[in-house]
$ cat run-v7.pdb   # PDB, C-alpha atoms, pLDDT in the B column
ATOM      1  CA  MET A   1       3.392 -19.418  -2.202  1.00 37.00           C
ATOM      2  CA  THR A   2       1.797 -22.626  -1.074  1.00 41.00           C
ATOM      3  CA  ASP A   3       2.834 -24.573  -4.163  1.00 47.00           C
ATOM      4  CA  ALA A   4       4.257 -24.013  -7.615  1.00 48.00           C
ATOM      5  CA  ASN A   5       0.867 -23.050  -9.011  1.00 53.00           C
ATOM      6  CA  ALA A   6      -0.668 -20.780  -6.399  1.00 80.00           C
ATOM      7  CA  PHE A   7       0.012 -17.544  -4.607  1.00 93.00           C
ATOM      8  CA  SER A   8      -1.403 -17.482  -1.080  1.00 93.00           C
ATOM      9  CA  LEU A   9      -2.980 -14.727   0.990  1.00 94.00           C
ATOM     10  CA  PRO A  10      -0.412 -13.430   3.494  1.00 94.00           C
ATOM     11  CA  PRO A  11      -1.763 -13.161   7.053  1.00 96.00           C
ATOM     12  CA  LEU A  12      -2.516  -9.717   8.398  1.00 97.00           C
ATOM     13  CA  PRO A  13       0.254  -8.445  10.719  1.00 97.00           C
ATOM     14  CA  PHE A  14      -2.401  -7.646  13.352  1.00 98.00           C
ATOM     15  CA  ALA A  15      -5.907  -8.695  14.378  1.00 98.00           C
ATOM     16  CA  GLU A  16      -8.812  -7.301  12.358  1.00 97.00           C
ATOM     17  CA  ASP A  17      -9.901  -5.112  15.278  1.00 98.00           C
ATOM     18  CA  ALA A  18      -6.392  -3.968  16.209  1.00 98.00           C
ATOM     19  CA  LEU A  19      -6.586  -0.625  14.396  1.00 98.00           C
ATOM     20  CA  GLU A  20      -9.846   0.486  15.976  1.00 98.00           C
ATOM     21  CA  PRO A  21     -11.140   3.135  16.409  1.00 97.00           C
ATOM     22  CA  HIS A  22      -9.132   4.537  13.504  1.00 98.00           C
ATOM     23  CA  MET A  23      -9.968   1.700  11.108  1.00 98.00           C
ATOM     24  CA  SER A  24     -12.856  -0.570  12.010  1.00 98.00           C
ATOM     25  CA  ALA A  25     -12.806  -4.345  12.074  1.00 98.00           C
ATOM     26  CA  LYS A  26     -15.625  -4.225   9.509  1.00 97.00           C
ATOM     27  CA  THR A  27     -13.453  -2.246   7.098  1.00 97.00           C
ATOM     28  CA  LEU A  28     -10.506  -4.602   7.652  1.00 97.00           C
ATOM     29  CA  SER A  29     -12.695  -7.657   7.171  1.00 97.00           C
ATOM     30  CA  PHE A  30     -14.110  -6.445   3.864  1.00 95.00           C
ATOM     31  CA  HIS A  31     -10.865  -4.946   2.599  1.00 98.00           C
ATOM     32  CA  TYR A  32      -8.647  -7.909   3.423  1.00 97.00           C
ATOM     33  CA  GLY A  33     -11.097 -10.794   3.211  1.00 95.00           C
ATOM     34  CA  LYS A  34     -12.993  -9.622   0.131  1.00 95.00           C
ATOM     35  CA  HIS A  35     -10.941  -7.165  -1.933  1.00 96.00           C
ATOM     36  CA  HIS A  36      -7.395  -8.416  -1.275  1.00 97.00           C
ATOM     37  CA  ASN A  37      -8.508 -12.031  -1.484  1.00 96.00           C
ATOM     38  CA  ALA A  38     -10.357 -11.395  -4.770  1.00 97.00           C
ATOM     39  CA  TYR A  39      -7.205 -10.003  -6.390  1.00 97.00           C
ATOM     40  CA  LEU A  40      -5.326 -13.076  -5.222  1.00 97.00           C
ATOM     41  CA  THR A  41      -7.959 -15.452  -6.599  1.00 96.00           C
ATOM     42  CA  ASN A  42      -7.998 -13.599  -9.924  1.00 97.00           C
ATOM     43  CA  LEU A  43      -4.203 -13.717 -10.131  1.00 97.00           C
ATOM     44  CA  ASN A  44      -4.069 -17.450  -9.500  1.00 96.00           C
ATOM     45  CA  ASN A  45      -6.741 -18.053 -12.134  1.00 96.00           C
ATOM     46  CA  LEU A  46      -4.868 -15.929 -14.678  1.00 97.00           C
ATOM     47  CA  VAL A  47      -1.425 -17.497 -14.221  1.00 96.00           C
ATOM     48  CA  ARG A  48      -2.391 -21.104 -13.549  1.00 94.00           C
ATOM     49  CA  GLY A  49      -0.470 -23.419 -15.868  1.00 92.00           C
ATOM     50  CA  THR A  50       1.841 -20.666 -17.168  1.00 93.00           C
ATOM     51  CA  ASP A  51       5.492 -19.870 -16.499  1.00 91.00           C
ATOM     52  CA  LEU A  52       4.344 -16.855 -14.465  1.00 94.00           C
ATOM     53  CA  ALA A  53       2.898 -19.078 -11.744  1.00 92.00           C
ATOM     54  CA  THR A  54       6.354 -20.080 -10.514  1.00 91.00           C
ATOM     55  CA  LEU A  55       7.816 -16.560 -10.309  1.00 95.00           C
ATOM     56  CA  PRO A  56       8.137 -14.601  -7.071  1.00 95.00           C
ATOM     57  CA  LEU A  57       5.473 -11.890  -7.023  1.00 96.00           C
ATOM     58  CA  GLU A  58       7.834  -8.947  -7.575  1.00 96.00           C
ATOM     59  CA  GLN A  59       9.494 -10.671 -10.542  1.00 96.00           C
ATOM     60  CA  LEU A  60       6.091 -11.439 -12.017  1.00 97.00           C
ATOM     61  CA  ILE A  61       5.054  -7.795 -11.707  1.00 97.00           C
ATOM     62  CA  ALA A  62       8.265  -6.576 -13.336  1.00 96.00           C
ATOM     63  CA  LYS A  63       7.892  -9.068 -16.175  1.00 96.00           C
ATOM     64  CA  VAL A  64       4.336  -8.120 -17.142  1.00 97.00           C
ATOM     65  CA  ALA A  65       4.491  -4.361 -16.448  1.00 95.00           C
ATOM     66  CA  GLY A  66       3.767  -2.423 -19.614  1.00 94.00           C
ATOM     67  CA  ASP A  67       2.521  -5.505 -21.495  1.00 95.00           C
ATOM     68  CA  ASP A  68      -1.003  -4.632 -22.627  1.00 94.00           C
ATOM     69  CA  ALA A  69      -1.732  -8.261 -23.429  1.00 94.00           C
ATOM     70  CA  ARG A  70      -1.161  -9.148 -19.773  1.00 96.00           C
ATOM     71  CA  LYS A  71      -2.731  -6.080 -18.189  1.00 97.00           C
ATOM     72  CA  GLY A  72      -5.104  -8.232 -16.133  1.00 97.00           C
ATOM     73  CA  VAL A  73      -2.221 -10.190 -14.672  1.00 97.00           C
ATOM     74  CA  TYR A  74      -0.381  -6.967 -13.856  1.00 98.00           C
ATOM     75  CA  ASN A  75      -3.395  -5.326 -12.213  1.00 98.00           C
ATOM     76  CA  ASN A  76      -4.177  -8.279  -9.963  1.00 98.00           C
ATOM     77  CA  ALA A  77      -0.551  -9.065  -9.104  1.00 98.00           C
ATOM     78  CA  ALA A  78       0.148  -5.420  -8.309  1.00 98.00           C
ATOM     79  CA  GLN A  79      -2.932  -5.198  -6.112  1.00 98.00           C
ATOM     80  CA  VAL A  80      -1.873  -8.292  -4.177  1.00 98.00           C
ATOM     81  CA  TRP A  81       1.543  -6.689  -3.597  1.00 98.00           C
ATOM     82  CA  ASN A  82       0.116  -3.235  -2.833  1.00 98.00           C
ATOM     83  CA  HIS A  83      -2.328  -4.513  -0.241  1.00 98.00           C
ATOM     84  CA  THR A  84       0.249  -6.681   1.513  1.00 98.00           C
ATOM     85  CA  PHE A  85       2.543  -3.636   1.674  1.00 98.00           C
ATOM     86  CA  PHE A  86      -0.303  -1.425   2.908  1.00 98.00           C
ATOM     87  CA  TRP A  87      -1.122  -3.691   5.864  1.00 98.00           C
ATOM     88  CA  SER A  88       2.510  -3.519   6.980  1.00 98.00           C
ATOM     89  CA  SER A  89       2.540   0.267   6.508  1.00 98.00           C
ATOM     90  CA  MET A  90       0.162   0.463   9.491  1.00 98.00           C
ATOM     91  CA  LYS A  91       0.275  -0.770  13.061  1.00 98.00           C
ATOM     92  CA  PRO A  92      -1.773  -0.487  16.249  1.00 98.00           C
ATOM     93  CA  ARG A  93      -0.809   2.690  18.122  1.00 97.00           C
ATOM     94  CA  GLY A  94       1.056   3.907  15.065  1.00 98.00           C
ATOM     95  CA  GLY A  95       1.976   7.443  14.147  1.00 97.00           C
ATOM     96  CA  GLY A  96       4.397   9.411  16.247  1.00 97.00           C
ATOM     97  CA  ALA A  97       7.720  10.460  14.789  1.00 97.00           C
ATOM     98  CA  PRO A  98      10.340   8.355  13.002  1.00 97.00           C
ATOM     99  CA  GLY A  99      13.803   8.364  14.480  1.00 93.00           C
ATOM    100  CA  GLY A 100      17.275   7.530  13.262  1.00 95.00           C
ATOM    101  CA  ARG A 101      18.200   7.670   9.604  1.00 96.00           C
ATOM    102  CA  LEU A 102      14.597   7.812   8.388  1.00 98.00           C
ATOM    103  CA  GLY A 103      13.800  10.765  10.601  1.00 97.00           C
ATOM    104  CA  ARG A 104      16.875  12.623   9.358  1.00 97.00           C
ATOM    105  CA  MET A 105      15.993  11.865   5.736  1.00 97.00           C
ATOM    106  CA  ILE A 106      12.439  13.114   6.200  1.00 98.00           C
ATOM    107  CA  ASP A 107      13.725  16.359   7.713  1.00 97.00           C
ATOM    108  CA  ALA A 108      16.216  16.781   4.867  1.00 97.00           C
ATOM    109  CA  SER A 109      13.700  15.969   2.141  1.00 97.00           C
ATOM    110  CA  PHE A 110      10.564  17.716   3.443  1.00 98.00           C
ATOM    111  CA  GLY A 111      11.847  20.233   5.997  1.00 98.00           C
ATOM    112  CA  SER A 112      10.156  18.463   8.912  1.00 98.00           C
ATOM    113  CA  LEU A 113       7.768  15.627   9.741  1.00 98.00           C
ATOM    114  CA  ASP A 114       4.904  18.106   9.516  1.00 98.00           C
ATOM    115  CA  GLY A 115       6.174  19.094   6.093  1.00 98.00           C
ATOM    116  CA  PHE A 116       6.066  15.466   4.998  1.00 98.00           C
ATOM    117  CA  LYS A 117       2.555  14.977   6.360  1.00 98.00           C
ATOM    118  CA  GLU A 118       1.291  18.089   4.612  1.00 98.00           C
ATOM    119  CA  GLN A 119       2.771  17.098   1.257  1.00 98.00           C
ATOM    120  CA  PHE A 120       1.768  13.439   1.564  1.00 98.00           C
ATOM    121  CA  LYS A 121      -1.828  14.234   2.467  1.00 98.00           C
ATOM    122  CA  LYS A 122      -2.107  16.856  -0.275  1.00 98.00           C
ATOM    123  CA  ALA A 123      -0.832  14.426  -2.929  1.00 98.00           C
ATOM    124  CA  ALA A 124      -2.944  11.477  -1.767  1.00 98.00           C
ATOM    125  CA  VAL A 125      -6.124  13.526  -1.410  1.00 98.00           C
ATOM    126  CA  ALA A 126      -5.597  14.960  -4.905  1.00 97.00           C
ATOM    127  CA  GLN A 127      -5.176  11.493  -6.479  1.00 97.00           C
ATOM    128  CA  PHE A 128      -8.168  11.412  -8.820  1.00 96.00           C
ATOM    129  CA  GLY A 129     -10.301   8.307  -8.454  1.00 95.00           C
ATOM    130  CA  SER A 130      -8.727   5.139  -7.116  1.00 97.00           C
ATOM    131  CA  GLY A 131      -5.048   4.838  -6.305  1.00 98.00           C
ATOM    132  CA  TRP A 132      -2.231   4.970  -3.794  1.00 98.00           C
ATOM    133  CA  GLY A 133       0.007   7.465  -2.016  1.00 98.00           C
ATOM    134  CA  TRP A 134       3.644   6.441  -1.561  1.00 98.00           C
ATOM    135  CA  LEU A 135       6.806   7.488   0.250  1.00 98.00           C
ATOM    136  CA  VAL A 136       9.695   6.450  -1.994  1.00 98.00           C
ATOM    137  CA  GLN A 137      13.474   6.521  -1.723  1.00 98.00           C
ATOM    138  CA  ASP A 138      16.030   7.576  -4.312  1.00 94.00           C
ATOM    139  CA  ASP A 139      19.475   7.199  -2.722  1.00 88.00           C
ATOM    140  CA  GLU A 140      19.483   9.605   0.256  1.00 88.00           C
ATOM    141  CA  LYS A 141      16.496  11.581  -1.026  1.00 96.00           C
ATOM    142  CA  LEU A 142      12.878  10.807  -0.220  1.00 98.00           C
ATOM    143  CA  SER A 143       9.898  11.854  -2.299  1.00 98.00           C
ATOM    144  CA  ILE A 144       6.161  11.363  -2.563  1.00 98.00           C
ATOM    145  CA  MET A 145       4.420   9.813  -5.520  1.00 98.00           C
ATOM    146  CA  THR A 146       0.899   8.715  -6.313  1.00 98.00           C
ATOM    147  CA  THR A 147      -0.244   5.959  -8.626  1.00 98.00           C
ATOM    148  CA  SER A 148      -3.609   5.242 -10.197  1.00 98.00           C
ATOM    149  CA  ASN A 149      -5.601   2.053  -9.771  1.00 97.00           C
ATOM    150  CA  ALA A 150      -3.168  -0.877  -9.346  1.00 97.00           C
ATOM    151  CA  ASP A 151       0.008   0.875 -10.458  1.00 97.00           C
ATOM    152  CA  LEU A 152       2.979   0.862  -8.071  1.00 98.00           C
ATOM    153  CA  PRO A 153       6.482   2.364  -7.775  1.00 97.00           C
ATOM    154  CA  LEU A 154       8.175  -0.962  -8.574  1.00 96.00           C
ATOM    155  CA  ALA A 155       6.939  -0.719 -12.171  1.00 95.00           C
ATOM    156  CA  HIS A 156       8.641   2.666 -12.504  1.00 94.00           C
ATOM    157  CA  GLY A 157      12.009   1.748 -11.005  1.00 94.00           C
ATOM    158  CA  LYS A 158      11.161   3.384  -7.675  1.00 96.00           C
ATOM    159  CA  HIS A 159      11.738   1.965  -4.199  1.00 98.00           C
ATOM    160  CA  ALA A 160       8.730   2.201  -1.864  1.00 98.00           C
ATOM    161  CA  LEU A 161       9.019   2.715   1.897  1.00 98.00           C
ATOM    162  CA  LEU A 162       5.322   2.906   2.793  1.00 98.00           C
ATOM    163  CA  THR A 163       1.917   3.404   1.205  1.00 98.00           C
ATOM    164  CA  CYS A 164      -1.643   4.485   1.921  1.00 98.00           C
ATOM    165  CA  ASP A 165      -4.537   3.024  -0.040  1.00 98.00           C
ATOM    166  CA  VAL A 166      -6.917   5.745  -1.250  1.00 98.00           C
ATOM    167  CA  TRP A 167      -9.367   3.507  -3.085  1.00 97.00           C
ATOM    168  CA  GLU A 168     -12.778   4.260  -1.580  1.00 96.00           C
ATOM    169  CA  HIS A 169     -13.101   0.749  -0.170  1.00 95.00           C
ATOM    170  CA  ALA A 170     -10.133   1.524   2.107  1.00 97.00           C
ATOM    171  CA  TYR A 171     -12.015   4.157   4.071  1.00 97.00           C
ATOM    172  CA  TYR A 172     -15.650   4.595   2.995  1.00 96.00           C
ATOM    173  CA  LEU A 173     -17.295   2.536   5.742  1.00 96.00           C
ATOM    174  CA  ASP A 174     -15.499   4.594   8.389  1.00 97.00           C
ATOM    175  CA  TYR A 175     -15.076   8.012   6.755  1.00 97.00           C
ATOM    176  CA  GLN A 176     -17.581   8.064   3.879  1.00 97.00           C
ATOM    177  CA  ASN A 177     -16.289  10.597   1.320  1.00 96.00           C
ATOM    178  CA  ARG A 178     -13.907  12.302   3.773  1.00 97.00           C
ATOM    179  CA  ARG A 179     -10.623  11.183   2.248  1.00 98.00           C
ATOM    180  CA  PRO A 180      -8.709  14.061   3.898  1.00 98.00           C
ATOM    181  CA  ASP A 181      -9.818  12.858   7.341  1.00 98.00           C
ATOM    182  CA  PHE A 182      -8.658   9.330   6.550  1.00 98.00           C
ATOM    183  CA  LEU A 183      -5.246  10.609   5.426  1.00 98.00           C
ATOM    184  CA  THR A 184      -4.879  12.627   8.621  1.00 98.00           C
ATOM    185  CA  VAL A 185      -5.681   9.581  10.747  1.00 98.00           C
ATOM    186  CA  PHE A 186      -3.290   7.437   8.692  1.00 98.00           C
ATOM    187  CA  CYS A 187      -0.412   9.877   9.240  1.00 98.00           C
ATOM    188  CA  ASP A 188      -1.141  10.618  12.904  1.00 98.00           C
ATOM    189  CA  GLN A 189      -2.461   7.316  14.275  1.00 98.00           C
ATOM    190  CA  LEU A 190      -1.708   4.398  11.935  1.00 98.00           C
ATOM    191  CA  VAL A 191       1.554   4.824  10.016  1.00 98.00           C
ATOM    192  CA  ASN A 192       4.238   2.265  10.864  1.00 98.00           C
ATOM    193  CA  TRP A 193       7.536   4.149  10.793  1.00 98.00           C
ATOM    194  CA  GLU A 194       9.521   1.087  11.850  1.00 98.00           C
ATOM    195  CA  PHE A 195       8.363  -0.735   8.705  1.00 98.00           C
ATOM    196  CA  ALA A 196       9.318   2.231   6.543  1.00 98.00           C
ATOM    197  CA  GLU A 197      12.772   2.387   8.134  1.00 98.00           C
ATOM    198  CA  LYS A 198      13.336  -1.331   7.555  1.00 98.00           C
ATOM    199  CA  ASN A 199      12.671  -0.738   3.857  1.00 98.00           C
ATOM    200  CA  LEU A 200      15.466   1.834   3.526  1.00 98.00           C
ATOM    201  CA  LYS A 201      18.259   0.824   1.185  1.00 96.00           C
TER     202      LYS A 201
END

$ encode --input "run-v7.pdb" --output "structure tokens"
Amino acid sequence: MTDANAFSLPPLPFAEDALEPHMSAKTLSFHYGKHHNAYLTNLNNLVRGTDLATLPLEQLIAKVAGDDARKGVYNNAAQVWNHTFFWSSMKPRGGGAPGGRLGRMIDASFGSLDGFKEQFKKAAVAQFGSGWGWLVQDDEKLSIMTTSNADLPLAHGKHALLTCDVWEHAYYLDYQNRRPDFLTVFCDQLVNWEFAEKNLK
């Protein structure tokens, strides 16, 4: 936050062209500069002058989750959080295989890394309309969940390790309607396993 009355746009963890050729600079520019920034602007407009403006983002989300009267605040706050988390879920020259504790937990929970990829892609591709695919942790067990629109694991008492955005604006310029291809590239070339491991409890 830049002051008590405004949330600020976090910088990308990489340059806009750093994920090419798997995600184009044009996609990053529109997604981050237009979509992510619009959610942030909407959030600041909605909470300006209220007690919500001084809360950390995660506390704000938890406070308004399930409150129909503040659905707009929830949607925009959650999308700010989701997108920030999504950028960190990727890295240049990503993919590969996780090691250490995370690698062992993936093997135990999904049988293998390939088993995880298969289940993650299947769930995220099947998410109807706009939404997100997530890897979440429950003690020493990992699982996959999907959420619609702006919804996120935090609102359901779940702990997220990484996410993939499956709103069309995340991939349409590069992959058109080929969501399965985008999910394959995310898992094989973009996913940031180090970030996921840092999120382990």

$ atom_distance --input "run-v7.pdb" --atom1 "CA of Cys187 (chain A)" --atom2 "CA of Trp134 (chain A)"
12.0 Å

$ residues_around --input "run-v7.pdb" --residues "Leu57 (chain A)" --least-positions-apart "3" --cutoff "7 Å" --atoms "all atoms listed in the file" --output "PyMOL selection string"
chain A and resi 60-61+77

$ closest_residue --input "run-v7.pdb" --among "A:Met105, A:Ala65, A:Val73, A:Ala15" --to "Asp138 (chain A)" --atoms "only C-alpha atoms"
A:Met105

$ residues_around --input "run-v7.pdb" --residues "Leu162 (chain A)" --least-positions-apart "2" --cutoff "7 Å" --atoms "all atoms listed in the file" --output "CSV table (one decimal) with C-alpha atoms, in the frame of the given file"
chain,number,residue,atom,x,y,z
A,89,SER,CA,2.5,0.3,6.5
A,134,TRP,CA,3.6,6.4,-1.6
A,135,LEU,CA,6.8,7.5,0.2
A,160,ALA,CA,8.7,2.2,-1.9
A,196,ALA,CA,9.3,2.2,6.5

$ closest_residue --input "run-v7.pdb" --among "A:Gln79, A:Ala62, A:Asn149, A:Asp51" --to "Ala38 (chain A)" --atoms "all atoms listed in the file"
A:Gln79

$ closest_residue --input "run-v7.pdb" --among "A:Ala6, A:Leu183, A:Ile106, A:Leu173" --to "Leu161 (chain A)" --atoms "only C-alpha atoms"
A:Ile106

$ resolve_selection --input "run-v7.pdb" --expression "the PyMOL selection byres ((chain A and resi 168) around 10)" --output "list of chain:residue names"
A:Gly129, A:Ser130, A:Gly131, A:Asp165, A:Val166, A:Trp167, A:His169, A:Ala170, A:Tyr171, A:Tyr172, A:Leu173, A:Tyr175, A:Gln176, A:Asn177, A:Arg178, A:Arg179

$ closest_residue --input "run-v7.pdb" --among "A:Arg48, A:Lys26, A:Arg101, A:Lys63" --to "Ala155 (chain A)" --atoms "only C-alpha atoms"
A:Lys63

$ residues_around --input "run-v7.pdb" --residues "Thr146 (chain A)" --least-positions-apart "6" --cutoff "8 Å" --atoms "only C-alpha atoms" --output "VMD selection string"
chain A and resid 123 to 124 127 131 to 134
